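Engineer: Take a look at input-v3.txt, compact mmCIF, C-alpha atoms and all ligand atoms:
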```
# COMPACT_ATOMS: atom_id res chain seq x y z
CA MET L 27 34.91 162.30 12.11
CA SER L 28 38.35 160.75 11.49
CA ASN L 29 40.66 162.42 8.99
CA LYS L 30 42.43 159.15 8.26
CA ILE L 31 42.46 157.79 4.71
CA SER L 32 39.80 155.10 4.27
CA VAL L 33 41.24 151.85 2.98
CA GLY L 34 39.83 148.50 1.96
CA VAL L 35 41.28 145.01 2.32
CA ILE L 36 40.34 142.36 -0.21
CA GLY L 37 41.16 138.87 1.01
CA ALA L 38 40.55 140.36 4.47
CA THR L 39 39.68 137.02 6.07
CA GLY L 40 42.96 135.21 5.17
CA MET L 41 46.33 135.05 6.93
CA VAL L 42 47.61 138.23 5.28
CA GLY L 43 44.21 139.94 5.44
CA GLN L 44 43.95 139.37 9.19
CA ASN L 45 47.38 140.92 9.65
CA TYR L 46 46.17 143.98 7.74
CA ILE L 47 43.16 144.27 10.04
CA ARG L 48 45.42 143.95 13.12
CA LEU L 49 48.14 146.35 11.95
CA LEU L 50 45.83 148.99 10.45
CA ASN L 51 43.94 149.22 13.74
CA ASP L 52 46.92 151.14 15.16
CA ASN L 53 47.90 153.05 12.02
CA PRO L 54 47.76 156.84 12.37
CA TRP L 55 47.14 157.50 8.66
CA PHE L 56 44.83 154.71 7.46
CA GLU L 57 41.56 153.24 8.66
CA VAL L 58 39.79 150.11 7.40
CA ALA L 59 36.42 151.04 5.93
CA TYR L 60 35.91 148.11 3.57
CA ALA L 61 36.56 144.38 3.83
CA ALA L 62 36.02 141.80 1.11
CA ALA L 63 36.73 138.12 0.60
CA SER L 64 35.35 135.17 -1.36
CA PRO L 65 31.65 134.64 -2.03
CA ARG L 66 31.80 132.14 0.88
CA SER L 67 32.34 135.00 3.33
CA ALA L 68 30.39 137.73 1.52
CA GLY L 69 27.29 138.99 3.34
CA LYS L 70 28.56 138.00 6.80
CA ARG L 71 29.81 140.45 9.42
CA TYR L 72 33.60 140.30 9.48
CA ARG L 73 33.58 138.81 13.00
CA GLU L 74 31.32 135.98 11.79
CA ALA L 75 33.39 135.41 8.66
CA VAL L 76 36.56 134.83 10.72
CA ALA L 77 34.89 133.02 13.64
CA GLY L 78 37.03 130.01 14.57
CA ARG L 79 39.91 131.13 12.31
CA TRP L 80 41.08 134.47 13.77
CA HIS L 81 44.80 133.75 14.10
CA MET L 82 46.10 137.01 15.48
CA GLY L 83 47.47 137.27 19.01
CA THR L 84 45.34 140.37 19.61
CA ASP L 85 41.56 140.68 19.76
CA LEU L 86 39.64 141.44 16.60
CA PRO L 87 39.12 145.24 16.42
CA SER L 88 35.43 145.72 17.22
CA ARG L 89 34.76 148.37 14.55
CA VAL L 90 36.05 146.12 11.76
CA GLY L 91 34.25 143.14 13.30
CA GLY L 92 30.97 144.87 12.51
CA LEU L 93 31.73 145.53 8.81
CA VAL L 94 29.73 143.46 6.34
CA VAL L 95 32.18 141.48 4.16
CA GLU L 96 31.69 142.09 0.45
CA ASP L 97 32.53 139.85 -2.49
CA ALA L 98 36.10 140.83 -3.50
CA GLY L 99 35.13 140.40 -7.16
CA ASN L 100 32.52 143.16 -6.93
CA VAL L 101 34.57 146.32 -7.50
CA HIS L 102 31.48 148.53 -7.39
CA ALA L 103 30.84 147.61 -3.75
CA ALA L 104 34.04 149.48 -2.76
CA LEU L 105 33.16 152.70 -4.57
CA GLY L 106 32.71 155.62 -2.20
CA LYS L 107 33.95 153.60 0.79
CA CYS L 108 37.72 153.81 0.38
CA SER L 109 40.44 155.08 -1.94
CA VAL L 110 43.15 152.47 -1.30
CA ILE L 111 42.78 148.71 -1.80
CA PHE L 112 45.18 146.34 -0.07
CA SER L 113 44.95 143.16 -2.13
CA ALA L 114 45.51 139.85 -0.33
CA VAL L 115 43.21 137.56 -2.27
CA ASP L 116 44.36 134.07 -3.09
CA MET L 117 42.83 133.38 -6.49
CA GLU L 118 43.92 132.19 -9.91
CA LYS L 119 46.56 134.66 -11.23
CA GLU L 120 44.74 135.84 -14.34
CA SER L 121 41.62 136.63 -12.27
CA VAL L 122 43.74 138.65 -9.81
CA ARG L 123 45.43 140.55 -12.66
CA LYS L 124 42.08 141.55 -14.10
CA LEU L 125 40.55 142.37 -10.73
CA GLU L 126 43.44 144.62 -9.67
CA MET L 127 43.35 146.41 -13.08
CA GLU L 128 39.62 146.92 -12.64
CA PHE L 129 40.12 148.51 -9.20
CA ALA L 130 42.86 150.80 -10.58
CA ALA L 131 40.66 151.79 -13.53
CA LYS L 132 37.95 152.81 -11.06
CA GLY L 133 40.42 155.16 -9.32
CA PHE L 134 41.69 152.99 -6.45
CA ALA L 135 45.34 152.82 -5.44
CA VAL L 136 45.98 149.06 -5.39
CA VAL L 137 48.76 147.84 -3.10
CA SER L 138 49.06 144.11 -3.68
CA ASN L 139 50.57 141.08 -2.00
CA ASN L 140 49.61 138.86 -4.89
CA SER L 141 52.26 137.92 -7.45
CA ALA L 142 49.96 138.47 -10.47
CA HIS L 143 51.44 141.84 -11.46
CA ARG L 144 55.05 141.31 -10.40
CA HIS L 145 56.09 140.87 -14.03
CA THR L 146 54.02 143.75 -15.45
CA GLU L 147 56.82 146.01 -16.66
CA ASP L 148 55.36 149.30 -15.41
CA VAL L 149 54.23 147.92 -12.04
CA PRO L 150 56.95 148.37 -9.41
CA ILE L 151 57.85 145.65 -6.91
CA LEU L 152 58.62 147.82 -3.89
CA ILE L 153 60.82 147.35 -0.87
CA PRO L 154 60.63 150.97 0.35
CA GLU L 155 64.14 150.98 1.84
CA ILE L 156 65.64 149.78 -1.45
CA ASN L 157 63.75 151.14 -4.46
CA HIS L 158 61.54 153.96 -3.12
CA GLU L 159 62.20 155.87 -6.37
CA HIS L 160 60.32 153.20 -8.36
CA CYS L 161 57.10 154.84 -7.03
CA ASP L 162 57.75 157.58 -9.50
CA ILE L 163 56.73 155.33 -12.37
CA VAL L 164 53.12 155.90 -11.25
CA PRO L 165 52.39 158.88 -13.57
CA ALA L 166 53.67 156.86 -16.58
CA GLN L 167 51.59 153.88 -15.46
CA GLN L 168 48.47 156.07 -15.17
CA LYS L 169 49.11 157.58 -18.60
CA HIS L 170 49.65 154.15 -20.17
CA TYR L 171 46.38 152.72 -18.88
CA GLY L 172 44.37 155.96 -18.96
CA TRP L 173 43.81 155.94 -15.20
CA SER L 174 43.11 159.33 -13.59
CA LYS L 175 44.29 158.46 -10.08
CA GLY L 176 44.28 154.65 -9.91
CA LEU L 177 47.60 152.81 -9.65
CA ILE L 178 49.07 149.39 -8.88
CA VAL L 179 52.18 148.67 -6.84
CA VAL L 180 53.13 145.21 -5.58
CA LYS L 181 55.11 143.62 -2.76
CA PRO L 182 57.79 141.08 -3.56
CA ASN L 183 57.74 137.47 -2.46
CA CYS L 184 57.57 137.12 1.32
CA SER L 185 61.06 135.67 1.84
CA ILE L 186 63.31 137.92 -0.25
CA GLN L 187 63.64 140.87 2.13
CA SER L 188 65.60 138.70 4.54
CA TYR L 189 68.51 138.78 2.08
CA MET L 190 67.72 141.78 -0.17
CA ILE L 191 67.84 144.38 2.61
CA PRO L 192 71.23 143.17 3.96
CA ILE L 193 72.60 143.10 0.40
CA HIS L 194 71.31 146.63 -0.21
CA ALA L 195 73.02 147.87 2.94
CA LEU L 196 76.32 146.60 1.51
CA MET L 197 75.59 148.19 -1.88
CA GLN L 198 75.07 151.54 -0.12
CA LYS L 199 78.65 151.21 1.14
CA GLY L 200 79.94 150.46 -2.35
CA PHE L 201 80.16 146.64 -2.08
CA ARG L 202 78.27 144.86 -4.82
CA VAL L 203 77.21 141.21 -4.53
CA ALA L 204 77.56 139.25 -7.79
CA LYS L 205 76.48 135.73 -6.77
CA MET L 206 74.32 134.32 -4.07
CA ILE L 207 73.16 130.87 -3.01
CA VAL L 208 70.16 130.97 -0.72
CA THR L 209 68.23 128.24 1.06
CA THR L 210 65.00 129.45 2.62
CA LEU L 211 63.25 127.82 5.58
CA GLN L 212 59.74 129.18 5.31
CA GLY L 213 57.10 129.23 8.03
CA LEU L 214 53.67 127.63 7.69
CA SER L 215 51.65 130.86 7.68
CA GLY L 216 53.31 131.60 4.34
CA ALA L 217 51.05 128.94 2.83
CA GLY L 218 47.86 130.68 4.02
CA TYR L 219 45.18 129.03 6.11
CA PRO L 220 44.67 126.12 6.63
CA GLY L 221 47.87 125.41 4.67
CA PRO L 222 49.67 122.05 4.95
CA SER L 223 48.21 119.59 7.46
CA SER L 224 49.91 118.79 10.76
CA LEU L 225 50.49 115.23 9.47
CA ASP L 226 52.52 116.70 6.63
CA MET L 227 54.50 119.10 8.77
CA VAL L 228 55.11 117.79 12.30
CA ASP L 229 58.48 115.99 12.41
CA ASN L 230 59.06 116.97 8.80
CA ILE L 231 60.39 119.42 6.20
CA ILE L 232 58.95 119.79 2.69
CA PRO L 233 61.80 120.51 0.23
CA TYR L 234 59.56 122.17 -2.37
CA ILE L 235 57.26 125.22 -2.52
CA GLY L 236 55.62 125.68 -5.91
CA GLY L 237 56.91 128.74 -7.83
CA GLU L 238 58.91 130.02 -4.88
CA GLU L 239 62.41 129.40 -6.20
CA GLU L 240 61.69 131.25 -9.46
CA LYS L 241 60.31 134.22 -7.47
CA SER L 242 63.29 134.24 -5.10
CA GLU L 243 65.70 134.23 -8.03
CA ASN L 244 63.95 136.63 -10.41
CA GLU L 245 62.23 139.32 -8.33
CA PRO L 246 65.47 140.82 -6.91
CA GLY L 247 66.53 141.87 -10.43
CA LYS L 248 63.38 143.98 -10.83
CA VAL L 249 63.71 145.48 -7.33
CA PHE L 250 67.30 146.52 -8.15
CA GLY L 251 66.25 147.65 -11.65
CA LYS L 252 66.05 151.13 -13.16
CA VAL L 253 62.99 153.09 -14.26
CA THR L 254 63.58 154.01 -17.91
CA GLY L 255 61.03 155.24 -20.44
CA GLY L 256 57.99 154.27 -18.38
CA ARG L 257 59.12 150.74 -17.60
CA ILE L 258 61.36 149.02 -15.11
CA VAL L 259 64.45 147.46 -16.67
CA PRO L 260 65.65 144.67 -14.37
CA ASP L 261 69.22 144.61 -13.13
CA GLY L 262 71.04 141.59 -14.49
CA THR L 263 74.21 141.72 -12.45
CA LEU L 264 73.18 139.55 -9.48
CA SER L 265 72.89 135.76 -10.00
CA ILE L 266 70.90 133.87 -7.39
CA SER L 267 70.41 130.14 -6.92
CA ALA L 268 67.55 129.44 -4.50
CA HIS L 269 66.31 126.36 -2.71
CA CYS L 270 63.02 126.95 -0.87
CA THR L 271 61.72 124.67 1.87
CA ARG L 272 58.66 124.63 4.15
CA VAL L 273 59.48 124.03 7.81
CA PRO L 274 57.34 123.49 10.94
CA VAL L 275 57.58 127.11 12.16
CA ILE L 276 54.36 129.14 12.41
CA ASP L 277 55.63 132.62 11.40
CA GLY L 278 59.02 133.69 10.06
CA HIS L 279 61.02 132.95 6.94
CA SER L 280 64.72 132.27 7.48
CA ALA L 281 67.32 132.32 4.72
CA CYS L 282 70.78 130.70 4.83
CA VAL L 283 72.78 132.80 2.42
CA SER L 284 76.25 132.54 0.80
CA ILE L 285 77.45 135.61 -1.09
CA GLN L 286 80.27 136.45 -3.45
CA PHE L 287 81.20 140.07 -4.16
CA ALA L 288 81.80 141.50 -7.64
CA GLY L 289 84.94 143.38 -6.62
CA ALA L 290 86.33 144.44 -3.26
CA ARG L 291 84.80 142.75 -0.28
CA PRO L 292 84.19 144.34 3.10
CA SER L 293 85.68 142.86 6.24
CA ILE L 294 83.37 141.06 8.68
CA ASP L 295 83.38 144.16 10.91
CA GLU L 296 82.67 146.47 7.98
CA THR L 297 79.78 144.23 6.97
CA LYS L 298 78.26 144.32 10.46
CA ASP L 299 78.77 148.09 10.61
CA ALA L 300 77.04 148.50 7.25
CA TRP L 301 74.08 146.50 8.56
CA ARG L 302 73.88 148.26 11.93
CA SER L 303 74.12 151.75 10.47
CA TYR L 304 71.72 151.06 7.59
CA ARG L 305 68.95 153.64 7.23
CA SER L 306 66.96 154.65 4.20
CA VAL L 307 64.08 156.83 3.06
CA PRO L 308 61.35 155.24 5.25
CA GLN L 309 63.46 156.00 8.33
CA GLU L 310 64.33 159.53 7.14
CA LEU L 311 60.65 160.24 6.45
CA GLU L 312 59.71 158.62 9.78
CA LEU L 313 56.94 156.64 8.12
CA PRO L 314 54.70 155.22 10.86
CA SER L 315 55.41 151.57 10.01
CA ALA L 316 59.13 152.00 9.33
CA PRO L 317 61.41 150.08 11.69
CA ARG L 318 63.83 152.49 13.38
CA GLN L 319 66.52 149.82 13.06
CA PRO L 320 65.80 148.03 9.74
CA ILE L 321 68.58 145.45 10.19
CA ILE L 322 69.33 143.99 13.60
CA VAL L 323 72.62 142.12 13.91
CA ARG L 324 72.74 139.31 16.48
CA ASP L 325 76.21 138.29 17.63
CA GLU L 326 75.13 135.12 19.45
CA ILE L 327 76.23 132.01 17.57
CA ASP L 328 72.71 130.54 17.51
CA ARG L 329 70.62 133.51 16.32
CA PRO L 330 68.44 134.56 14.55
CA GLN L 331 65.69 132.16 15.56
CA PRO L 332 62.09 132.56 14.35
CA ARG L 333 60.44 132.35 17.76
CA LYS L 334 62.85 134.81 19.40
CA ASP L 335 63.53 137.24 16.56
CA ARG L 336 60.59 137.45 14.15
CA ASP L 337 58.75 140.17 16.12
CA ALA L 338 61.74 142.55 16.29
CA GLU L 339 60.62 146.13 15.53
CA ASN L 340 56.99 144.92 15.42
CA GLY L 341 57.90 142.31 12.82
CA MET L 342 59.34 144.92 10.42
CA ALA L 343 63.08 144.39 10.99
CA VAL L 344 65.33 141.89 9.26
CA VAL L 345 67.41 140.05 11.84
CA VAL L 346 70.79 138.73 10.68
CA GLY L 347 73.43 136.62 12.34
CA ARG L 348 76.03 133.89 11.86
CA LEU L 349 78.12 136.10 9.57
CA ARG L 350 81.27 134.12 8.80
CA PRO L 351 83.65 133.29 5.94
CA CYS L 352 82.53 130.82 3.30
CA LYS L 353 84.82 128.20 1.80
CA VAL L 354 83.28 128.53 -1.66
CA PHE L 355 82.05 132.17 -1.78
CA ASP L 356 83.12 135.15 0.38
CA TYR L 357 80.70 135.09 3.33
CA ARG L 358 77.75 133.23 4.81
CA PHE L 359 74.97 134.53 7.03
CA VAL L 360 71.44 133.78 8.18
CA GLY L 361 68.65 136.34 7.65
CA LEU L 362 65.15 136.22 9.12
CA SER L 363 62.03 138.27 8.50
CA HIS L 364 58.40 137.95 9.54
CA ASN L 365 56.59 136.69 6.45
CA THR L 366 53.09 137.98 7.17
CA VAL L 367 54.31 141.32 8.58
CA ARG L 368 57.44 142.65 6.79
CA GLY L 369 56.88 140.06 4.05
CA ALA L 370 53.21 140.87 3.51
CA ALA L 371 50.79 143.22 5.33
CA GLY L 372 53.33 145.36 7.24
CA GLY L 373 55.56 145.78 4.20
CA ALA L 374 52.57 146.76 2.06
CA ILE L 375 51.33 149.31 4.61
CA LEU L 376 54.83 150.81 4.57
CA MET L 377 54.55 151.05 0.77
CA ALA L 378 51.21 152.86 1.10
CA GLU L 379 52.73 155.27 3.62
CA LEU L 380 55.49 156.05 1.14
CA LEU L 381 52.93 156.60 -1.65
CA LYS L 382 51.03 158.98 0.62
CA VAL L 383 54.10 161.07 1.40
CA LYS L 384 54.95 161.18 -2.31
CA GLY L 385 51.42 162.45 -3.04
CA TYR L 386 50.20 159.45 -5.03
CA ILE L 387 47.41 158.59 -2.58
CA GLY L 388 45.36 160.53 -0.12
N1 LIG L 401 50.91 134.18 3.89
C1 LIG L 401 51.99 134.89 3.58
O1 LIG L 401 53.00 134.92 4.31
C2 LIG L 401 52.03 135.70 2.30
C3 LIG L 401 53.08 136.57 2.14
C4 LIG L 401 53.15 137.34 0.97
C5 LIG L 401 52.16 137.22 0.02
N2 LIG L 401 51.14 136.36 0.20
C6 LIG L 401 50.10 136.32 -0.85
O2 LIG L 401 48.95 136.99 -0.31
C7 LIG L 401 47.75 136.40 -0.83
C8 LIG L 401 46.90 135.91 0.34
O3 LIG L 401 47.62 134.91 1.05
P1 LIG L 401 47.10 134.31 2.43
O4 LIG L 401 48.23 133.56 2.97
O5 LIG L 401 46.45 135.35 3.24
O6 LIG L 401 45.97 133.27 1.89
P2 LIG L 401 44.71 132.68 2.68
O7 LIG L 401 44.94 132.63 4.13
O8 LIG L 401 44.37 131.40 1.97
O9 LIG L 401 43.54 133.76 2.39
C9 LIG L 401 43.02 133.90 1.08
C10 LIG L 401 42.04 135.05 1.03
O10 LIG L 401 41.53 135.15 -0.34
C11 LIG L 401 40.11 135.03 -0.32
N3 LIG L 401 39.67 134.34 -1.51
C12 LIG L 401 39.91 133.04 -1.84
N4 LIG L 401 39.29 132.75 -3.01
C13 LIG L 401 38.64 133.88 -3.41
C14 LIG L 401 37.81 134.22 -4.51
N5 LIG L 401 37.50 133.33 -5.46
N6 LIG L 401 37.31 135.48 -4.60
C15 LIG L 401 37.62 136.40 -3.66
N7 LIG L 401 38.39 136.14 -2.57
C16 LIG L 401 38.90 134.89 -2.45
C17 LIG L 401 39.79 134.26 0.95
O11 LIG L 401 38.44 134.49 1.32
P3 LIG L 401 37.59 133.40 2.19
O12 LIG L 401 38.09 133.48 3.60
O13 LIG L 401 36.20 133.91 2.05
O14 LIG L 401 37.82 132.08 1.55
C18 LIG L 401 40.81 134.86 1.92
O15 LIG L 401 40.35 136.11 2.37
C19 LIG L 401 48.22 135.26 -1.77
O16 LIG L 401 48.28 135.78 -3.07
C20 LIG L 401 49.61 134.94 -1.26
O17 LIG L 401 50.44 134.39 -2.25
C21 LIG L 401 51.03 135.60 1.31
```
What would the structure in this file look like if it were written as structure tokens?
Ligand SMILES: NC(=O)c1ccc[n+]([C@@H]2O[C@H](COP(=O)([O-])OP(=O)(O)OC[C@H]3O[C@@H](n4cnc5c(N)ncnc54)[C@H](OP(=O)(O)O)[C@@H]3O)[C@@H](O)[C@H]2O)c1
Structural biologist:
Amino acid sequence: MSNKISVGVIGATGMVGQNYIRLLNDNPWFEVAYAAASPRSAGKRYREAVAGRWHMGTDLPSRVGGLVVEDAGNVHAALGKCSVIFSAVDMEKESVRKLEMEFAAKGFAVVSNNSAHRHTEDVPILIPEINHEHCDIVPAQQKHYGWSKGLIVVKPNCSIQSYMIPIHALMQKGFRVAKMIVTTLQGLSGAGYPGPSSLDMVDNIIPYIGGEEEKSENEPGKVFGKVTGGRIVPDGTLSISAHCTRVPVIDGHSACVSIQFAGARPSIDETKDAWRSYRSVPQELELPSAPRQPIIVRDEIDRPQPRKDRDAENGMAVVVGRLRPCKVFDYRFVGLSHNTVRGAAGGAILMAELLKVKGYIG
């Protein structure tokens, strides 16, 4: 009998859900005991539900392949099977909000990739390296909603870690960024499956992703915010202007970033040193999914590139390069992170590992 914590994945058949199934297969603390998706998949064995659309580069884990997929909307079906729910359903926002609240009310720890709760003031948006202390809002959240052990924490938008983590590394050294212009070049898997058609994407770039610019501009304030009186008060000192585009790359979100500091600015070498030496709580705690080197600096003039760099540290590192002066702001650089790993399933598993160490799950 395994002593791992039993977890469930809702939206288990989608792009993010499949990454959960792949990554959790090797996780030393968690084990998938429950898989759910839409009523279209419910009742099938997982291997049948994903037949013809398993997109991972590794084989489907046989134990999960045999699980019967439940209807994600049926909270009762998960009772007694798991204590943690990784939420990767793609549904109308209000339905997701209600569903995740229902799971938490029934005692599940909900770790979500969906944006439905990102603006709920006592639900933290976690990037464990940056705002690990936001976990400690959980007791206030439980008191507010009358939950005994249920909780909700959410991941940010899949592209923001490629610039947030490098900015945080500079903040740790005392350099505060005041303004940022960011243009994202986001991979196709970020749109889920099947996503945009090949006729839309081959030989093309789509200069619009619905809702993405607002998320890229607003979520960082909450991540950098402070927990006060049972709510998270967003930081208002960083102004971001974002332009988000969809590009014909399968996995990997790149960000071309220009930054201006609030006061003193580091030299180019100090900036690279801050990135290379960056470590935070997930590394100190040696969480199983934590990248040993959270930021990898490439000195080649033409890196990072999605195909060559997205899998660094099992897809959990942010790879930066092209750091150089900017004629309008202080510096420019390119950041890259794997959208379905660090930006989705891997980042959320890291959040759950942090919650376990802090005693909120398990
Ligand atoms: N892709 C990324 O890089 C990324 C990154 C961060 C966050 N996210 C977020 O993660 C969530 C999932 O994204 P994805 O890319 O994995 O989408 P996806 O590939 O389209 O998968 C959607 C999943 O939701 C299920 N689903 C759809 N309608 C449902 C319903 N009415 N009831 C229950 N389940 C339903 C699907 O089940 P069936 O297979 O049965 O239809 C499938 O498992 C979205 O909220 C997305 O915004 C995605």
Engineer: For ligand LIG 401 (chain L), which residue out of L:Gly373, L:Pro54, L:Gly347, L:Gly256 is the nearest one, using all atoms listed in the file?
Structural biologist: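 Comparing L:Gly373, L:Pro54, L:Gly347, L:Gly256 against ligand LIG 401 (chain L), the winner is L:Gly373.
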Engineer: Between atom P2 of ligand LIG 401 (chain L) and CA of Val115 (chain L), what is the distance in Å, rounded to a tenth?
Structural biologist: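 Those two atoms sit 7.1 Å apart.
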Engineer: Within 7 Å of ligand LIG 401 (chain L), counting all atoms listed in the file, which protein or nucleic acid residues do you find, written as a PyMOL selection string?
Structural biologist: chain L and resi 36-43+63-68+97-99+114-117+139-141+183-184+215-220+365-366+369-370
Engineer: Which distance in Å separates CA of Val275 (chain L) and CA of Asp226 (chain L), to one decimal?
Structural biologist: 12.8 Å
Engineer: Please enclose the listed atoms of region 335-350 of chain L in an axis-aligned box, pad each side by 6 Å, and write out the centre and the three edge lengths in Å, rounded to one decimal, as AutoDock Vina command-line options.
Structural biologist:
```
--center_x 69.1 --center_y 140.0 --center_z 12.7 --size_x 36.3 --size_y 24.2 --size_z 19.8
```
Engineer: Got a sec: who's within 10 Å of Lys298 (chain L), counting all atoms listed in the file, leaving out chain neighbours fewer than 5 positions off, as a PyMOL selection string?
Structural biologist: chain L and resi 192+195-196+292-293+303-304+321-325+346-347+349
Engineer: What does the structure give for the distance between CA of Ile178 (chain L) and CA of Lys107 (chain L), in Å to one decimal?
Structural biologist: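 Computed distance, CA of Ile178 (chain L) to CA of Lys107 (chain L), equals 18.4 Å.
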Engineer: If we count only C-alpha atoms and set the cut-off at 9 Å, which residues sit around Asp337 (chain L), ignoring sequence neighbours fewer than 3 positions away in its own chain? Please answer as a list in words.
Structural biologist: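 Result of the neighbour search: Gly278, Pro332, Arg333, Lys334, Asn340, Gly341, Met342, Ala343, Ser363, His364 and Val367 of chain L.
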Engineer: Can you tell me which residues surround Val101 (chain L) at a distance of at most 9 Å, considering all atoms listed in the file, apart from same-chain residues fewer than 2 positions away, and format the answer as a list in words?
Structural biologist: Asp97, Ala98, Gly99, Ala103, Ala104, Leu105, Leu125, Glu128, Phe129 and Lys132 of chain L
Engineer: Please report, as a tab-separated table, each residue of region 206-312 of chain L lying at most 9 Å from region 158-172 of chain L, together with the nearest pair of atoms and the separation in Å rounded to one decimal; use all atoms listed in the file, and order rows by chain and ascending residue number.
Structural biologist:
```
residue	atom	partner	partner_atom	distance
L:Val249	CA	L:His160	CA	8.5
L:Gly251	CA	L:His160	CA	8.8
L:Lys252	CA	L:His160	CA	7.8
L:Val253	CA	L:His160	CA	6.5
L:Thr254	CA	L:Ile163	CA	8.9
L:Gly255	CA	L:Ala166	CA	8.5
L:Gly256	CA	L:Ala166	CA	5.3
L:Arg257	CA	L:Ile163	CA	7.4
L:Ile258	CA	L:His160	CA	8.0
L:Val307	CA	L:His158	CA	7.3
L:Pro308	CA	L:His158	CA	8.5
```
Engineer: In terms of the shortest atom-to-atom distance over only C-alpha atoms, which of L:Glu243, L:Asp229, L:Glu126, L:Glu118 is closest to Pro182 (chain L)?
Structural biologist: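 Nearest candidate to Pro182 (chain L) out of L:Glu243, L:Asp229, L:Glu126, L:Glu118: L:Glu243.
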Engineer: If I only have part of region 262-267 of chain L, can you fill in all heavy atoms and write it as an mmCIF file, in the frame of the given file?
Structural biologist:
```cif
data_model
loop_
_atom_site.group_PDB
_atom_site.id
_atom_site.type_symbol
_atom_site.label_atom_id
_atom_site.label_comp_id
_atom_site.auth_asym_id
_atom_site.auth_seq_id
_atom_site.Cartn_x
_atom_site.Cartn_y
_atom_site.Cartn_z
ATOM 1 N N GLY L 262 70.666 142.970 -14.169
ATOM 2 C CA GLY L 262 71.040 141.590 -14.490
ATOM 3 C C GLY L 262 72.377 141.193 -13.894
ATOM 4 O O GLY L 262 72.974 140.197 -14.307
ATOM 5 N N THR L 263 72.840 141.960 -12.915
ATOM 6 C CA THR L 263 74.210 141.720 -12.450
ATOM 7 C C THR L 263 74.298 140.765 -11.254
ATOM 8 O O THR L 263 75.394 140.383 -10.867
ATOM 9 C CB THR L 263 74.901 143.042 -12.066
ATOM 10 O OG1 THR L 263 74.165 143.651 -10.999
ATOM 11 C CG2 THR L 263 74.958 144.006 -13.236
ATOM 12 N N LEU L 264 73.155 140.429 -10.663
ATOM 13 C CA LEU L 264 73.180 139.550 -9.480
ATOM 14 C C LEU L 264 72.607 138.183 -9.862
ATOM 15 O O LEU L 264 71.451 138.090 -10.294
ATOM 16 C CB LEU L 264 72.347 140.189 -8.353
ATOM 17 C CG LEU L 264 72.073 139.346 -7.115
ATOM 18 C CD1 LEU L 264 73.369 138.964 -6.407
ATOM 19 C CD2 LEU L 264 71.157 140.098 -6.145
ATOM 20 N N SER L 265 73.391 137.122 -9.709
ATOM 21 C CA SER L 265 72.890 135.760 -10.000
ATOM 22 C C SER L 265 72.549 135.085 -8.684
ATOM 23 O O SER L 265 73.376 135.068 -7.763
ATOM 24 C CB SER L 265 73.970 134.920 -10.681
ATOM 25 O OG SER L 265 74.413 135.559 -11.829
ATOM 26 N N ILE L 266 71.359 134.515 -8.629
ATOM 27 C CA ILE L 266 70.900 133.870 -7.390
ATOM 28 C C ILE L 266 70.484 132.437 -7.696
ATOM 29 O O ILE L 266 69.774 132.183 -8.674
ATOM 30 C CB ILE L 266 69.689 134.625 -6.787
ATOM 31 C CG1 ILE L 266 70.048 136.084 -6.521
ATOM 32 C CG2 ILE L 266 69.185 133.936 -5.514
ATOM 33 C CD1 ILE L 266 68.899 136.925 -5.980
ATOM 34 N N SER L 267 70.910 131.519 -6.855
ATOM 35 C CA SER L 267 70.410 130.140 -6.920
ATOM 36 C C SER L 267 69.674 129.885 -5.618
ATOM 37 O O SER L 267 70.246 130.021 -4.535
ATOM 38 C CB SER L 267 71.602 129.181 -7.071
ATOM 39 O OG SER L 267 71.141 127.856 -6.960
#
```
